[in-house]
$ cat structure_3.txt   # compact mmCIF, C-alpha atoms
# COMPACT_ATOMS: atom_id res chain seq x y z
CA MET A 1 116.04 58.90 151.59
CA VAL A 2 114.21 56.55 153.98
CA SER A 3 114.86 55.73 157.63
CA ALA A 4 115.45 52.14 158.78
CA GLN A 5 113.17 50.99 161.58
CA ASN A 6 114.51 51.15 165.15
CA ALA A 7 117.88 52.43 164.01
CA ASP A 8 119.60 55.72 163.62
CA LEU A 9 120.50 54.80 160.06
CA PHE A 10 119.45 56.39 156.81
CA LEU A 11 119.34 54.57 153.50
CA ARG A 12 120.24 57.07 150.80
CA ARG A 13 118.59 56.07 147.55
CA ASN A 14 119.83 58.86 145.28
CA LYS A 15 123.30 59.76 144.08
CA PHE A 16 124.60 62.59 141.91
CA ALA A 17 128.03 62.18 140.31
CA ILE A 18 130.42 64.37 138.32
CA ASN A 19 132.78 62.49 136.03
CA PHE A 20 135.92 64.60 136.39
CA PHE A 21 138.35 62.41 134.40
CA SER A 22 138.17 59.87 131.57
CA MET A 23 140.54 58.22 129.10
CA LEU A 24 138.46 57.68 125.95
CA ARG A 25 139.05 56.18 122.54
CA ARG A 26 137.85 58.44 119.72
CA PRO A 27 138.53 58.88 115.95
CA VAL A 28 139.65 62.51 116.09
CA VAL A 29 142.29 62.62 113.32
CA ASN A 30 141.67 61.06 109.88
CA GLU A 31 139.19 58.52 111.29
CA THR A 32 142.04 56.87 113.22
CA GLU A 33 141.07 56.05 116.78
CA ASP A 34 143.40 57.02 119.62
CA TYR A 35 143.12 57.47 123.39
CA TYR A 36 142.47 60.95 124.75
CA PRO A 37 142.36 62.21 128.37
CA VAL A 38 139.24 64.25 129.15
CA VAL A 39 138.46 66.41 132.18
CA PHE A 40 134.86 66.87 133.34
CA HIS A 41 133.46 64.42 130.83
CA GLY A 42 129.89 64.23 132.14
CA ILE A 43 127.32 63.94 134.92
CA MET A 44 125.28 61.02 136.23
CA TYR A 45 122.24 60.46 138.45
CA THR A 46 121.77 57.09 140.17
CA ARG A 47 118.73 55.70 141.97
CA ASN A 48 119.14 52.61 144.16
CA ILE A 49 116.32 50.07 143.87
CA GLY A 50 116.53 47.41 146.53
CA GLN A 51 119.71 46.32 148.25
CA ARG A 52 121.94 45.60 145.24
CA ASN A 53 120.37 47.00 142.06
CA PHE A 54 120.40 50.53 140.75
CA LEU A 55 119.23 52.58 137.78
CA ARG A 56 121.16 55.51 136.38
CA ALA A 57 120.88 58.31 133.83
CA ARG A 58 123.88 60.01 132.26
CA PHE A 59 125.00 62.87 130.03
CA ASP A 60 128.51 62.82 128.52
CA TYR A 61 130.30 65.30 126.29
CA PHE A 62 133.62 64.96 124.42
CA GLN A 63 135.43 67.44 122.18
CA ARG A 64 138.94 67.57 120.80
CA ASN A 65 140.35 70.05 118.27
CA ARG A 66 143.69 69.27 116.63
CA ASP A 67 144.95 72.26 114.64
CA ASN A 68 148.48 71.88 113.26
CA SER A 69 148.07 74.35 110.39
CA ILE A 70 150.98 76.31 109.04
CA GLU A 71 150.97 79.16 106.52
CA GLY A 72 149.72 77.86 103.18
CA ASN A 73 148.75 74.44 104.47
CA MET A 74 145.71 73.55 106.60
CA GLU A 75 145.66 70.63 109.04
CA VAL A 76 142.53 70.92 111.17
CA ASN A 77 140.62 68.06 112.76
CA LEU A 78 137.62 68.64 115.04
CA TYR A 79 135.60 65.85 116.63
CA SER A 80 132.86 66.16 119.25
CA ASP A 81 130.12 63.91 120.54
CA ILE A 82 127.22 64.01 122.99
CA LEU A 83 125.76 60.94 124.66
CA MET A 84 122.51 60.83 126.64
CA GLY A 85 121.13 57.64 128.11
CA GLY A 86 120.85 55.38 131.08
CA GLY A 87 120.88 51.84 132.28
CA TRP A 88 120.92 49.27 135.05
CA GLY A 89 123.62 48.12 137.46
CA TYR A 90 124.32 45.62 140.21
CA VAL A 91 126.53 46.10 143.30
CA PHE A 92 128.24 42.98 144.69
CA THR A 93 128.99 44.15 148.24
CA SER A 94 127.80 46.83 150.66
CA GLY A 95 131.10 47.65 152.39
CA VAL A 96 133.56 50.49 151.99
CA VAL A 97 134.77 49.06 148.64
CA ARG A 98 131.88 48.15 146.35
CA PRO A 99 132.59 46.46 142.98
CA TYR A 100 129.74 46.62 140.47
CA VAL A 101 128.72 45.93 136.89
CA ALA A 102 126.43 48.05 134.72
CA ALA A 103 125.01 48.32 131.22
CA ASP A 104 123.94 51.64 129.67
CA LEU A 105 122.03 52.36 126.48
CA GLY A 106 122.61 55.78 124.97
CA MET A 107 121.74 58.00 122.02
CA THR A 108 124.73 59.70 120.40
CA SER A 109 125.24 62.79 118.26
CA VAL A 110 128.63 63.33 116.61
CA LEU A 111 130.16 66.22 114.68
CA ARG A 112 133.25 65.59 112.57
CA TYR A 113 135.15 68.28 110.65
CA SER A 114 138.51 68.06 108.90
CA GLU A 115 140.35 70.43 106.59
CA ASN A 116 143.69 69.40 105.12
CA GLY A 117 145.95 70.80 102.40
CA GLY A 118 146.16 74.07 100.51
CA VAL A 119 148.12 75.97 97.88
CA GLU A 120 151.51 74.85 99.20
CA ALA A 121 150.51 71.18 99.25
CA GLY A 122 148.79 71.32 95.86
CA THR A 123 145.78 69.41 97.20
CA TYR A 124 142.92 70.27 99.50
CA ARG A 125 140.15 68.28 101.19
CA LYS A 126 137.37 69.31 103.57
CA ILE A 127 135.00 66.84 105.23
CA GLN A 128 132.08 67.92 107.39
CA THR A 129 129.60 65.35 108.68
CA ARG A 130 127.09 64.65 111.43
CA GLN A 131 126.28 61.27 112.92
CA LEU A 132 123.23 60.11 114.84
CA GLY A 133 123.01 56.71 116.45
CA ALA A 134 122.94 54.57 119.56
CA SER A 135 125.38 52.59 121.66
CA LEU A 136 125.32 49.85 124.27
CA MET A 137 127.96 50.17 126.99
CA PRO A 138 128.65 47.25 129.34
CA ALA A 139 130.85 48.44 132.22
CA ALA A 140 132.68 47.24 135.31
CA GLY A 141 133.69 49.47 138.18
CA VAL A 142 134.36 49.93 141.85
CA THR A 143 133.01 52.52 144.31
CA PHE A 144 135.02 53.71 147.32
CA ARG A 145 132.71 54.90 150.08
CA VAL A 146 134.31 57.67 152.16
CA SER A 147 131.21 58.50 154.20
CA PRO A 148 127.43 57.96 153.99
CA VAL A 149 127.31 61.02 151.73
CA LEU A 150 130.63 61.09 149.84
CA SER A 151 132.06 58.40 147.54
CA PHE A 152 134.31 57.97 144.51
CA SER A 153 133.99 55.57 141.59
CA LEU A 154 136.36 54.21 138.96
CA GLU A 155 134.93 52.51 135.87
CA THR A 156 135.93 50.96 132.54
CA ASN A 157 133.55 50.22 129.69
CA LEU A 158 133.13 48.89 126.17
CA GLU A 159 131.15 50.91 123.62
CA LEU A 160 129.25 48.93 120.98
CA GLY A 161 127.48 51.29 118.64
CA TYR A 162 125.86 52.24 115.36
CA THR A 163 125.59 55.67 113.74
CA HIS A 164 124.27 57.00 110.45
CA GLU A 165 126.65 59.58 109.01
CA LYS A 166 125.78 62.23 106.45
CA GLY A 167 127.60 65.30 105.19
CA THR A 168 129.90 66.52 102.39
CA ASP A 169 133.38 65.72 101.11
CA PHE A 170 134.98 68.54 99.08
CA SER A 171 138.36 68.21 97.40
CA TRP A 172 140.53 69.74 94.71
CA GLY A 173 144.04 69.30 93.36
CA ALA A 174 146.47 70.94 90.97
CA ASP A 175 145.68 68.33 88.30
CA MET A 176 141.95 67.75 89.00
CA VAL A 177 138.65 69.55 88.82
CA PRO A 178 137.23 70.52 92.25
CA ARG A 179 134.48 68.13 93.30
CA GLU A 180 132.03 67.78 96.13
CA LYS A 181 130.30 64.52 96.95
CA GLU A 182 127.64 63.66 99.47
CA ILE A 183 128.50 61.32 102.33
CA ARG A 184 125.80 58.92 103.53
CA GLN A 185 126.92 55.78 105.30
CA ASN A 186 126.16 53.46 108.20
CA LEU A 187 128.97 52.96 110.71
CA PHE A 188 129.40 50.27 113.35
CA PHE A 189 132.06 50.58 116.04
CA ALA A 190 133.45 48.85 119.11
CA ARG A 191 135.65 50.83 121.51
CA TRP A 192 137.23 49.98 124.83
CA ASN A 193 137.62 52.98 127.12
CA PRO A 194 140.18 51.98 129.79
CA VAL A 195 139.01 54.73 132.17
CA SER A 196 135.49 55.69 131.17
CA LEU A 197 134.70 57.29 134.52
CA VAL A 198 136.47 58.67 137.59
CA SER A 199 133.72 60.39 139.53
CA ILE A 200 133.02 62.18 142.77
CA GLU A 201 129.56 61.34 144.13
CA LEU A 202 127.13 62.80 146.65
CA SER A 203 124.35 60.60 148.08
CA PHE A 204 121.09 61.95 149.41

$ encode --input "structure_3.txt" --output "structure tokens"
Amino acid sequence: MVSAQNADLFLRRNKFAINFFSMLRRPVVNETEDYYPVVFHGIMYTRNIGQRNFLRARFDYFQRNRDNSIEGNMEVNLYSDILMGGGWGYVFTSGVVRPYVAADLGMTSVLRYSENGGVEAGTYRKIQTRQLGASLMPAAGVTFRVSPVLSFSLETNLELGYTHEKGTDFSWGADMVPREKEIRQNLFFARWNPVSLVSIELSF
């Protein structure tokens, strides 16, 4: 924080934010992507450089467990991911309402687990994989400045990414020999998250 000359005004360069709500698109069940609400999705640190530009670092975490199992038949789907990264942004105005654009580059780690079927169904399949990769996330948002210290932001983004997935796929059926095969594949994805960030921010 630096003081402006001849003025009782402080320019706060740093900002810490908690992302307390998001609406994210993720492939939780059977690799089919859907939109999921998430509470306390991540944290972010922002450093203003100059009048309009800023740099930021972020950590995001998502997890969703869908367990619809009944006796004799499993239906479990678990998906979680961690993203760590940062990027650059530009603020268009310096008033109470501040629209901005940003672009973040992140490293991602994903765990995917599914278990479906059983004795009652006559078939069974279990998939367990891990993914490592990277994503580029262009974003657009708006910040509402309540006071020199407190503000709120709303943001939407597009995730463009690549991951390398590896793991195992085990299956059996009433009329087949149980088999287990190795999964190794490269995945590319593009996701629009309508509400990627709703944050409360403290400047200092």

$ atom_distance --input "structure_3.txt" --atom1 "CA of Leu197 (chain A)" --atom2 "CA of Asn157 (chain A)"
8.6 Å

$ residues_around --input "structure_3.txt" --residues "Ala134 (chain A)" --least-positions-apart "3" --cutoff "7 Å" --atoms "only C-alpha atoms" --output "list of chain:residue names"
A:Gly106, A:Met107, A:Thr108, A:Gly161, A:Tyr162, A:Thr163

$ write_last_selection --input "structure_3.txt" --atoms "C-alpha atoms" --output "PDB file, keeping the file's coordinate frame"
ATOM      1  CA  GLY A 106     122.610  55.780 124.970  1.00  0.00           C
ATOM      2  CA  MET A 107     121.740  58.000 122.020  1.00  0.00           C
ATOM      3  CA  THR A 108     124.730  59.700 120.400  1.00  0.00           C
ATOM      4  CA  GLY A 161     127.480  51.290 118.640  1.00  0.00           C
ATOM      5  CA  TYR A 162     125.860  52.240 115.360  1.00  0.00           C
ATOM      6  CA  THR A 163     125.590  55.670 113.740  1.00  0.00           C
TER       7      THR A 163
END

$ closest_residue --input "structure_3.txt" --among "A:Arg130, A:Phe204, A:Pro138, A:Glu75" --to "Ile183 (chain A)" --atoms "only C-alpha atoms"
A:Arg130

$ residues_near_point --input "structure_3.txt" --point "(139.3, 60.3, 122.6)" --cutoff "10 Å" --atoms "only C-alpha atoms" --output "list in words"
Ser22, Met23, Leu24, Arg25, Arg26, Pro27, Val28, Glu33, Asp34, Tyr35, Tyr36, Pro37, Val38, Phe62, Gln63, Arg64, Tyr79, Ser80 and Asn193 of chain A

$ closest_residue --input "structure_3.txt" --among "A:Leu55, A:Leu187, A:Val195, A:Met176" --to "Thr123 (chain A)" --atoms "all atoms listed in the file"
A:Met176

$ residues_near_point --input "structure_3.txt" --point "(136.1, 45.0, 148.3)" --cutoff "12 Å" --atoms "only C-alpha atoms" --output "ChimeraX atom specification"
/A:91-100,141-145

$ closest_residue --input "structure_3.txt" --among "A:Leu202, A:Met84, A:Val39, A:Ala121" --to "Ser109 (chain A)" --atoms "all atoms listed in the file"
A:Met84

$ atom_distance --input "structure_3.txt" --atom1 "CA of Met44 (chain A)" --atom2 "CA of Leu132 (chain A)"
21.5 Å

$ closest_residue --input "structure_3.txt" --among "A:Glu159, A:Tyr90, A:Val146, A:Gly117" --to "Leu105 (chain A)" --atoms "only C-alpha atoms"
A:Glu159

$ closest_residue --input "structure_3.txt" --among "A:Gly133, A:Gly118, A:Asn65, A:Arg56" --to "Leu83 (chain A)" --atoms "all atoms listed in the file"
A:Gly133

$ atom_distance --input "structure_3.txt" --atom1 "CA of Asp175 (chain A)" --atom2 "CA of Arg125 (chain A)"
14.0 Å

$ residues_around --input "structure_3.txt" --residues "region 168-170 of chain A" --least-positions-apart "4" --cutoff "8 Å" --atoms "all atoms listed in the file" --output "ChimeraX atom specification"
/A:125-129,178-183

$ build_atoms --input "structure_3.txt" --residues "region 80-91 of chain A" --atoms "all heavy atoms" --output "mmCIF file, in the coordinates of the input"
data_model
loop_
_atom_site.group_PDB
_atom_site.id
_atom_site.type_symbol
_atom_site.label_atom_id
_atom_site.label_comp_id
_atom_site.auth_asym_id
_atom_site.auth_seq_id
_atom_site.Cartn_x
_atom_site.Cartn_y
_atom_site.Cartn_z
ATOM 1 N N SER A 80 133.588 66.013 117.995
ATOM 2 C CA SER A 80 132.860 66.160 119.250
ATOM 3 C C SER A 80 131.673 65.217 119.248
ATOM 4 O O SER A 80 131.109 64.912 118.199
ATOM 5 C CB SER A 80 132.386 67.604 119.452
ATOM 6 O OG SER A 80 131.424 67.960 118.479
ATOM 7 N N ASP A 81 131.309 64.746 120.426
ATOM 8 C CA ASP A 81 130.120 63.910 120.540
ATOM 9 C C ASP A 81 129.402 64.156 121.854
ATOM 10 O O ASP A 81 129.993 64.575 122.846
ATOM 11 C CB ASP A 81 130.437 62.422 120.339
ATOM 12 C CG ASP A 81 131.365 61.840 121.398
ATOM 13 O OD1 ASP A 81 131.288 62.236 122.572
ATOM 14 O OD2 ASP A 81 132.179 60.962 121.049
ATOM 15 N N ILE A 82 128.094 63.917 121.818
ATOM 16 C CA ILE A 82 127.220 64.010 122.990
ATOM 17 C C ILE A 82 126.517 62.675 123.147
ATOM 18 O O ILE A 82 126.034 62.099 122.168
ATOM 19 C CB ILE A 82 126.186 65.132 122.823
ATOM 20 C CG1 ILE A 82 126.867 66.500 122.802
ATOM 21 C CG2 ILE A 82 125.140 65.088 123.938
ATOM 22 C CD1 ILE A 82 125.921 67.640 122.480
ATOM 23 N N LEU A 83 126.476 62.177 124.366
ATOM 24 C CA LEU A 83 125.760 60.940 124.660
ATOM 25 C C LEU A 83 124.784 61.184 125.802
ATOM 26 O O LEU A 83 125.155 61.735 126.843
ATOM 27 C CB LEU A 83 126.731 59.818 125.032
ATOM 28 C CG LEU A 83 126.085 58.461 125.322
ATOM 29 C CD1 LEU A 83 126.930 57.320 124.774
ATOM 30 C CD2 LEU A 83 125.870 58.252 126.824
ATOM 31 N N MET A 84 123.527 60.775 125.602
ATOM 32 C CA MET A 84 122.510 60.830 126.640
ATOM 33 C C MET A 84 121.852 59.457 126.744
ATOM 34 O O MET A 84 121.499 58.859 125.715
ATOM 35 C CB MET A 84 121.453 61.884 126.313
ATOM 36 C CG MET A 84 121.963 63.300 126.328
ATOM 37 S SD MET A 84 120.662 64.521 125.996
ATOM 38 C CE MET A 84 120.314 64.141 124.272
ATOM 39 N N GLY A 85 121.729 58.957 127.953
ATOM 40 C CA GLY A 85 121.130 57.640 128.110
ATOM 41 C C GLY A 85 121.064 57.212 129.554
ATOM 42 O O GLY A 85 121.148 58.024 130.477
ATOM 43 N N GLY A 86 120.928 55.927 129.738
ATOM 44 C CA GLY A 86 120.850 55.380 131.080
ATOM 45 C C GLY A 86 120.842 53.877 131.053
ATOM 46 O O GLY A 86 120.867 53.257 129.982
ATOM 47 N N GLY A 87 120.841 53.287 132.239
ATOM 48 C CA GLY A 87 120.880 51.840 132.280
ATOM 49 C C GLY A 87 120.700 51.284 133.681
ATOM 50 O O GLY A 87 120.238 51.970 134.603
ATOM 51 N N TRP A 88 121.086 50.051 133.823
ATOM 52 C CA TRP A 88 120.920 49.270 135.050
ATOM 53 C C TRP A 88 122.274 48.815 135.554
ATOM 54 O O TRP A 88 123.216 48.620 134.773
ATOM 55 C CB TRP A 88 120.045 48.047 134.761
ATOM 56 C CG TRP A 88 120.077 46.980 135.819
ATOM 57 C CD1 TRP A 88 119.283 46.877 136.916
ATOM 58 C CD2 TRP A 88 120.966 45.855 135.874
ATOM 59 N NE1 TRP A 88 119.610 45.764 137.653
ATOM 60 C CE2 TRP A 88 120.646 45.114 137.032
ATOM 61 C CE3 TRP A 88 122.014 45.414 135.057
ATOM 62 C CZ2 TRP A 88 121.339 43.963 137.398
ATOM 63 C CZ3 TRP A 88 122.694 44.262 135.415
ATOM 64 C CH2 TRP A 88 122.351 43.549 136.576
ATOM 65 N N GLY A 89 122.389 48.622 136.887
ATOM 66 C CA GLY A 89 123.620 48.120 137.460
ATOM 67 C C GLY A 89 123.370 47.253 138.679
ATOM 68 O O GLY A 89 122.264 47.251 139.256
ATOM 69 N N TYR A 90 124.405 46.525 139.059
ATOM 70 C CA TYR A 90 124.320 45.620 140.210
ATOM 71 C C TYR A 90 125.588 45.758 141.045
ATOM 72 O O TYR A 90 126.706 45.662 140.523
ATOM 73 C CB TYR A 90 124.169 44.173 139.740
ATOM 74 C CG TYR A 90 124.055 43.173 140.865
ATOM 75 C CD1 TYR A 90 122.846 42.920 141.484
ATOM 76 C CD2 TYR A 90 125.186 42.480 141.309
ATOM 77 C CE1 TYR A 90 122.737 42.001 142.517
ATOM 78 C CE2 TYR A 90 125.098 41.554 142.343
ATOM 79 C CZ TYR A 90 123.870 41.325 142.940
ATOM 80 O OH TYR A 90 123.777 40.419 143.973
ATOM 81 N N VAL A 91 125.422 45.971 142.358
ATOM 82 C CA VAL A 91 126.530 46.100 143.300
ATOM 83 C C VAL A 91 126.722 44.774 144.017
ATOM 84 O O VAL A 91 125.760 44.178 144.513
ATOM 85 C CB VAL A 91 126.251 47.219 144.322
ATOM 86 C CG1 VAL A 91 127.418 47.354 145.285
ATOM 87 C CG2 VAL A 91 125.994 48.538 143.614
#
